[in-house]
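Shown next: input.pdb, containing PDB, C-alpha atoms.
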ATOM      1  CA  MET A  26      36.367   6.592 -27.286
ATOM      2  CA  ARG A  27      39.980   5.585 -27.919
ATOM      3  CA  GLN A  28      42.625   8.208 -28.663
ATOM      4  CA  GLY A  29      46.339   7.682 -29.311
ATOM      5  CA  PRO A  30      49.137   9.586 -27.549
ATOM      6  CA  SER A  31      49.367  12.004 -30.497
ATOM      7  CA  HIS A  32      45.787  13.281 -29.941
ATOM      8  CA  LYS A  33      45.580  17.000 -29.196
ATOM      9  CA  GLY A  34      42.695  18.904 -27.596
ATOM     10  CA  PRO A  35      40.081  17.846 -25.044
ATOM     11  CA  ILE A  36      38.188  14.571 -25.180
ATOM     12  CA  THR A  37      34.528  14.769 -24.144
ATOM     13  CA  THR A  38      33.307  11.668 -22.347
ATOM     14  CA  SER A  39      30.467  10.586 -20.078
ATOM     15  CA  ALA A  40      32.379   7.716 -18.514
ATOM     16  CA  ALA A  41      32.653   9.313 -15.078
ATOM     17  CA  VAL A  42      30.273  10.547 -12.396
ATOM     18  CA  LEU A  43      30.765  13.921 -10.742
ATOM     19  CA  THR A  44      30.359  14.550  -7.020
ATOM     20  CA  PRO A  45      28.796  17.782  -5.648
ATOM     21  CA  ARG A  46      30.219  21.179  -6.517
ATOM     22  CA  GLY A  47      33.542  22.135  -5.007
ATOM     23  CA  ARG A  48      34.646  18.553  -4.426
ATOM     24  CA  SER A  49      36.732  16.175  -6.507
ATOM     25  CA  CYS A  50      34.993  13.872  -8.903
ATOM     26  CA  GLY A  51      35.179  10.132  -9.289
ATOM     27  CA  THR A  52      36.443   8.859 -12.613
ATOM     28  CA  ALA A  53      37.467   5.597 -14.183
ATOM     29  CA  ARG A  54      40.486   3.950 -12.601
ATOM     30  CA  SER A  55      42.619   4.756 -15.645
ATOM     31  CA  THR A  56      42.157   8.539 -15.305
ATOM     32  CA  THR A  57      43.412  11.094 -12.848
ATOM     33  CA  VAL A  58      41.795  14.385 -11.836
ATOM     34  CA  ALA A  59      43.750  17.372 -13.103
ATOM     35  CA  ALA A  60      41.333  20.133 -12.141
ATOM     36  CA  VAL A  61      37.769  20.820 -11.035
ATOM     37  CA  SER A  62      35.846  23.525 -12.876
ATOM     38  CA  PRO A  63      32.584  24.589 -11.203
ATOM     39  CA  LEU A  64      30.329  26.256 -13.786
ATOM     40  CA  THR A  65      27.452  28.616 -13.080
ATOM     41  CA  SER A  66      23.859  27.325 -13.062
ATOM     42  CA  PRO A  67      22.224  25.849 -15.034
ATOM     43  CA  GLU A  68      25.389  24.321 -16.507
ATOM     44  CA  PRO A  69      26.783  21.228 -14.752
ATOM     45  CA  VAL A  70      30.027  21.105 -12.860
ATOM     46  CA  THR A  71      32.785  19.457 -14.868
ATOM     47  CA  CYS A  72      36.056  17.753 -14.091
ATOM     48  CA  VAL A  73      39.136  18.059 -16.280
ATOM     49  CA  THR A  74      41.103  14.837 -16.124
ATOM     50  CA  SER A  75      43.936  13.266 -18.035
ATOM     51  CA  TYR A  76      43.931   9.949 -19.849
ATOM     52  CA  ARG A  77      47.200   8.703 -21.350
ATOM     53  CA  GLY A  78      48.483  12.252 -21.338
ATOM     54  CA  ALA A  79      45.445  13.753 -23.079
ATOM     55  CA  PRO A  80      43.053  16.128 -21.242
ATOM     56  CA  VAL A  81      39.531  14.778 -20.699
ATOM     57  CA  THR A  82      36.442  16.821 -19.770
ATOM     58  CA  VAL A  83      33.993  14.831 -17.654
ATOM     59  CA  TYR A  84      30.407  16.057 -17.424
ATOM     60  CA  LYS A  85      27.904  15.310 -14.685
ATOM     61  CA  GLY A  86      25.652  12.936 -16.544
ATOM     62  CA  PRO A  87      25.613  11.531 -20.085
ATOM     63  CA  VAL A  88      26.441  13.714 -23.077
ATOM     64  CA  ASN A  89      25.242  13.477 -26.661
ATOM     65  CA  SER A  90      27.275  13.575 -29.852
ATOM     66  CA  ASN A  91      27.397  17.385 -29.729
ATOM     67  CA  GLY A  92      29.002  17.397 -26.305
ATOM     68  CA  HIS A  93      25.852  18.645 -24.562
ATOM     69  CA  LEU A  94      24.190  16.966 -21.611
ATOM     70  CA  ALA A  95      21.782  14.311 -22.783
ATOM     71  CA  ALA A  96      18.348  13.750 -21.307
ATOM     72  CA  GLU A  97      18.068  11.657 -18.155
ATOM     73  CA  ARG A  98      17.813   7.923 -18.704
ATOM     74  CA  PRO A  99      14.154   6.977 -19.290
ATOM     75  CA  GLU A 100      14.136   4.538 -16.369
ATOM     76  CA  ARG A 101      15.259   7.343 -14.069
ATOM     77  CA  ALA A 102      13.035  10.039 -15.536
ATOM     78  CA  ARG A 103      10.013   7.737 -15.175
ATOM     79  CA  PRO A 104      10.847   4.754 -12.955
ATOM     80  CA  THR A 105       8.843   1.560 -13.153
ATOM     81  CA  PRO A 106       6.077   1.630 -10.471
ATOM     82  CA  HIS A 107       6.629  -0.838  -7.647
ATOM     83  CA  SER A 108       3.761   0.138  -5.352
ATOM     84  CA  LEU A 109       0.146   1.275  -5.319
ATOM     85  CA  THR A 110      -1.013   4.350  -3.404
ATOM     86  CA  GLY A 111      -4.671   4.658  -2.508
ATOM     87  CA  VAL A 112      -7.206   5.854   0.032
ATOM     88  CA  GLY A 113     -10.210   4.255   1.711
ATOM     89  CA  VAL A 114     -12.823   6.569   3.181
ATOM     90  CA  ALA A 115     -15.291   5.659   5.923
ATOM     91  CA  VAL A 116     -18.323   7.855   5.279
ATOM     92  CA  LEU A 117     -20.513   8.249   8.360
ATOM     93  CA  ASP A 118     -24.143   9.397   8.228
ATOM     94  CA  ASP A 119     -26.016  11.397  10.868
ATOM     95  CA  SER A 120     -26.690   8.188  12.810
ATOM     96  CA  GLY A 121     -23.010   7.233  12.847
ATOM     97  CA  ARG A 122     -23.418   4.388  10.350
ATOM     98  CA  VAL A 123     -20.739   3.612   7.805
ATOM     99  CA  LEU A 124     -21.310   3.154   4.069
ATOM    100  CA  LEU A 125     -20.176  -0.151   2.538
ATOM    101  CA  GLY A 126     -20.531  -1.511  -0.973
ATOM    102  CA  LEU A 127     -21.052  -5.182  -1.812
ATOM    103  CA  GLY A 128     -18.538  -6.371  -4.394
ATOM    104  CA  HIS A 129     -19.217  -9.150  -6.881
ATOM    105  CA  ASP A 130     -16.820 -11.377  -4.945
ATOM    106  CA  GLY A 131     -19.119 -11.258  -1.914
ATOM    107  CA  ARG A 132     -16.914  -8.928   0.135
ATOM    108  CA  TRP A 133     -17.931  -5.497   1.394
ATOM    109  CA  GLU A 134     -15.744  -2.481   0.851
ATOM    110  CA  LEU A 135     -15.458   1.212   1.581
ATOM    111  CA  PRO A 136     -15.482   3.834  -1.156
ATOM    112  CA  GLY A 137     -11.989   4.674  -2.297
ATOM    113  CA  GLY A 138      -9.329   4.009  -4.856
ATOM    114  CA  LYS A 139      -5.954   5.098  -6.143
ATOM    115  CA  VAL A 140      -4.487   8.542  -5.658
ATOM    116  CA  ASP A 141      -3.987  10.310  -8.974
ATOM    117  CA  PRO A 142      -0.765  12.238  -9.729
ATOM    118  CA  GLY A 143      -0.768  15.602  -7.953
ATOM    119  CA  GLU A 144      -3.574  14.698  -5.529
ATOM    120  CA  ASP A 145      -3.416  14.599  -1.767
ATOM    121  CA  PHE A 146      -5.265  11.899   0.163
ATOM    122  CA  GLU A 147      -8.193  14.163   1.041
ATOM    123  CA  THR A 148      -8.800  15.256  -2.535
ATOM    124  CA  ALA A 149      -8.547  11.683  -3.787
ATOM    125  CA  ALA A 150     -11.035  10.508  -1.139
ATOM    126  CA  ALA A 151     -13.595  13.170  -2.092
ATOM    127  CA  ARG A 152     -13.185  12.412  -5.798
ATOM    128  CA  GLU A 153     -13.443   8.638  -5.407
ATOM    129  CA  LEU A 154     -16.498   9.017  -3.185
ATOM    130  CA  ALA A 155     -18.280  11.092  -5.821
ATOM    131  CA  GLU A 156     -17.259   8.772  -8.650
ATOM    132  CA  GLU A 157     -18.291   5.567  -6.888
ATOM    133  CA  THR A 158     -21.399   6.616  -4.936
ATOM    134  CA  GLY A 159     -22.592   9.991  -6.204
ATOM    135  CA  LEU A 160     -22.152  11.421  -2.705
ATOM    136  CA  SER A 161     -20.516  14.819  -2.376
ATOM    137  CA  VAL A 162     -18.178  15.954   0.367
ATOM    138  CA  PRO A 163     -15.521  18.679   0.260
ATOM    139  CA  ALA A 164     -11.917  17.591   0.608
ATOM    140  CA  THR A 165     -11.682  19.843   3.671
ATOM    141  CA  ALA A 166     -14.223  17.596   5.421
ATOM    142  CA  VAL A 167     -12.047  14.497   4.972
ATOM    143  CA  ARG A 168      -9.731  13.547   7.858
ATOM    144  CA  VAL A 169      -6.827  11.159   7.394
ATOM    145  CA  LEU A 170      -6.429   9.015  10.510
ATOM    146  CA  ALA A 171      -3.483   6.865   9.488
ATOM    147  CA  VAL A 172      -1.353   5.623   6.628
ATOM    148  CA  MET A 173      -1.009   1.864   6.198
ATOM    149  CA  VAL A 174       1.568  -0.168   4.326
ATOM    150  CA  ASP A 175       1.311  -3.823   3.395
ATOM    151  CA  GLY A 176       3.046  -6.145   0.972
ATOM    152  CA  LEU A 177       0.307  -8.709   0.474
ATOM    153  CA  ARG A 178       0.351 -10.648  -2.812
ATOM    154  CA  GLY A 179       3.812  -9.332  -3.609
ATOM    155  CA  LEU A 180       2.749  -5.716  -4.110
ATOM    156  CA  THR A 181       3.619  -2.866  -1.773
ATOM    157  CA  ARG A 182       0.382  -1.037  -1.103
ATOM    158  CA  VAL A 183       0.158   2.320   0.684
ATOM    159  CA  THR A 184      -3.361   3.167   1.841
ATOM    160  CA  ALA A 185      -4.611   6.202   3.725
ATOM    161  CA  ALA A 186      -7.386   5.535   6.230
ATOM    162  CA  ALA A 187      -9.792   8.463   6.022
ATOM    163  CA  VAL A 188     -13.144   9.379   7.539
ATOM    164  CA  ALA A 189     -15.750  11.894   6.385
ATOM    165  CA  GLU A 190     -19.076  13.112   7.727
ATOM    166  CA  GLY A 191     -21.829  15.293   6.316
ATOM    167  CA  ALA A 192     -21.807  13.894   2.781
ATOM    168  CA  GLU A 193     -24.633  15.184   0.608
ATOM    169  CA  GLY A 194     -26.785  13.054  -1.655
ATOM    170  CA  THR A 195     -28.063   9.488  -1.797
ATOM    171  CA  PRO A 196     -25.684   6.580  -2.465
ATOM    172  CA  GLU A 197     -26.116   5.023  -5.879
ATOM    173  CA  VAL A 198     -24.281   2.372  -7.847
ATOM    174  CA  THR A 199     -22.291   4.237 -10.482
ATOM    175  CA  GLU A 200     -19.921   1.362 -11.262
ATOM    176  CA  PRO A 201     -22.111  -1.754 -11.565
ATOM    177  CA  ASP A 202     -19.166  -3.780 -12.811
ATOM    178  CA  LYS A 203     -17.596  -3.401  -9.351
ATOM    179  CA  ILE A 204     -20.417  -2.869  -6.846
ATOM    180  CA  VAL A 205     -23.773  -4.612  -6.479
ATOM    181  CA  ARG A 206     -25.271  -2.189  -3.933
ATOM    182  CA  TRP A 207     -24.397   0.294  -1.180
ATOM    183  CA  GLU A 208     -25.694  -0.060   2.373
ATOM    184  CA  TRP A 209     -25.335   1.751   5.701
ATOM    185  CA  PHE A 210     -24.132  -0.314   8.668
ATOM    186  CA  ALA A 211     -24.013   0.418  12.378
ATOM    187  CA  ARG A 212     -20.734  -0.351  14.116
ATOM    188  CA  ASP A 213     -21.989  -3.613  15.626
ATOM    189  CA  ALA A 214     -23.486  -4.752  12.312
ATOM    190  CA  VAL A 215     -20.432  -4.464  10.052
ATOM    191  CA  PRO A 216     -20.138  -7.668   7.956
ATOM    192  CA  SER A 217     -17.172  -9.939   8.591
ATOM    193  CA  ALA A 218     -16.523 -10.471   4.878
ATOM    194  CA  LEU A 219     -14.528  -7.334   4.105
ATOM    195  CA  PHE A 220     -12.113  -6.313   1.378
ATOM    196  CA  GLY A 221      -8.645  -6.349   2.992
ATOM    197  CA  PRO A 222      -7.704  -2.652   2.766
ATOM    198  CA  SER A 223     -11.218  -1.633   3.849
ATOM    199  CA  ALA A 224     -10.933  -3.870   6.905
ATOM    200  CA  SER A 225      -7.661  -2.166   7.819
ATOM    201  CA  VAL A 226      -9.244   1.273   7.415
ATOM    202  CA  LEU A 227     -12.125   0.308   9.701
ATOM    203  CA  ASP A 228      -9.544  -0.798  12.284
ATOM    204  CA  ARG A 229      -8.446   2.848  12.402
ATOM    205  CA  VAL A 230     -11.983   4.269  12.483
ATOM    206  CA  TRP A 231     -13.537   1.751  14.885
ATOM    207  CA  PRO A 232     -10.747  -0.145  16.697
ATOM    208  CA  GLU A 233     -11.729  -3.562  18.033
ATOM    209  CA  ALA A 234      -9.995  -5.997  20.368
ATOM    210  CA  ALA A 235      -9.545  -8.360  17.412
ATOM    211  CA  PRO A 236      -8.389  -6.440  14.297
ATOM    212  CA  ARG A 237     -10.397  -6.959  11.128
ATOM    213  CA  GLY A 238      -7.485  -6.272   8.782
ATOM    214  CA  ALA A 239      -4.388  -8.304   7.970
ATOM    215  CA  ALA A 240      -1.818  -8.603  10.738
ATOM    216  CA  GLU A 241       0.919  -7.925   8.159
ATOM    217  CA  ALA A 242      -0.314  -4.357   7.591
ATOM    218  CA  HIS A 243       1.772  -1.636   9.229
ATOM    219  CA  HIS A 244      -0.154   1.321  10.627
ATOM    220  CA  TYR A 245       1.222   4.850  10.986
ATOM    221  CA  PRO A 246      -1.208   7.151  12.842
ATOM    222  CA  VAL A 247      -1.491  10.706  11.599
ATOM    223  CA  ARG A 248      -1.386  13.306  14.328
ATOM    224  CA  PRO A 249      -3.511  16.441  13.888
ATOM    225  CA  ALA A 250      -1.543  19.599  13.137
ATOM    226  CA  GLY A 251      -0.949  21.815  16.129
TER
END

Would you write the structure of this file as structure tokens?
Amino acid sequence: MRQGPSHKGPITTSAAVLTPRGRSCGTARSTTVAAVSPLTSPEPVTCVTSYRGAPVTVYKGPVNSNGHLAAERPERARPTPHSLTGVGVAVLDDSGRVLLGLGHDGRWELPGGKVDPGEDFETAAARELAEETGLSVPATAVRVLAVMVDGLRGLTRVTAAAVAEGAEGTPEVTEPDKIVRWEWFARDAVPSALFGPSASVLDRVWPEAAPRGAAEAHHYPVRPAG
């Protein structure tokens, strides 16, 4: 907003960004800091500056037409997603076999899926298992072995490798558009045609000399508490 030299009174602007409380604030090159006024919470700290001889009050963040702080920019309040967070769970039966589902693309995969807002990996694993197979296991029975990160196909994907035992029920196809059938496999009978993230999870559960998953995947083992 442009004001002539004859303007009297403060000018409210959002053209500057304030640094933390008690320190000077950065402003446009054409202004100088005259004073710093820390206000009590929840009000923001402000800077009083001068522009062409007129005092200017600079707020931390944008202000609306009434001189009050405006809402955070939409892209900051809800940033555009750039990654996918999920969990794959290796469910083992009493014989130590793992449950795999045959996808319509001919690859086998573990139960699992994306982590919903507010969920931890264990809760997401238990929920996805129930939704996809009808099997029930408490979240407390799920152990996260590692967290994996890959950037295959241009998407950053974060996947937790989890294992669970003692699931109750009989596996059934609840999502026929995704899975043809569920089967139990012993360690030495696991098919070679595996969905990428599932292969990486199995590398954490049953390590082999030759990894099943993509070499580009980064693995971060999770150490038990205590």

key: Pick from A:Pro136, A:Gly113, A:Gly121, A:Gly128, whichever lies nearest to Leu160 of chain A using all atoms listed in the file   = A:Pro136

task = Give me the residues within 8 Å of segment 206-214 of chain A as a list of chain:residue names, counting only C-alpha atoms and dropping any in the same chain fewer than 5 places off.
result =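 Listed by chain and then number, they are A:Gly121, A:Arg122, A:Val123, A:Leu124, A:Leu125, A:Gly126, A:Leu127, A:Gly128, A:Thr158, A:Pro196, A:Glu197, A:Val198, A:Trp231.
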
inquiry  = Could you check the closest approach to Val215 of chain A for each of A:Val140, A:Leu227, A:Ala192, A:Met173 and tell me which residue wins, using all atoms listed in the file?
reply    =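 Looking only at the distances to Val215 of chain A, the closest residue turns out to be A:Leu227.
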
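The interatomic distance for the pair atom CA of Glu190 of chain A and atom CA of Tyr245 of chain A works out to 22.2 Å.
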
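Rounded to one decimal, atom CA of Thr199 of chain A and atom CA of Ala149 of chain A lie 17.0 Å from each other.
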
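As for atom CA of Arg229 of chain A and atom CA of Thr181 of chain A, they are spaced 19.5 Å apart.
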
message = Once the PyMOL selection byres ((chain A and resi 237) around 8) is applied to the coordinates I shared, what remains selected? I want it as a ChimeraX atom specification.
response = /A:217,224-225,227-228,233,235-236,238-239

task = Kindly provide, as a PyMOL selection string, the polymer residues lying within 12 Å of (-2.6, 6.8, 11.1), counting all atoms listed in the file and using the coordinates exactly as they appear in the file.
result = chain A and resi 168-174+183-188+225-230+242-249

ask   = For Thr148 of chain A, which residue among A:Leu219, A:Ala240, A:Val116, A:Ala166 is the nearest when counting all atoms listed in the file?
value = A:Ala166

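Between Glu193 of chain A and the candidates A:Val205, A:Val162, A:Leu177, A:Val167, the tightest atom-to-atom separation, counting only C-alpha atoms, involves A:Val162.
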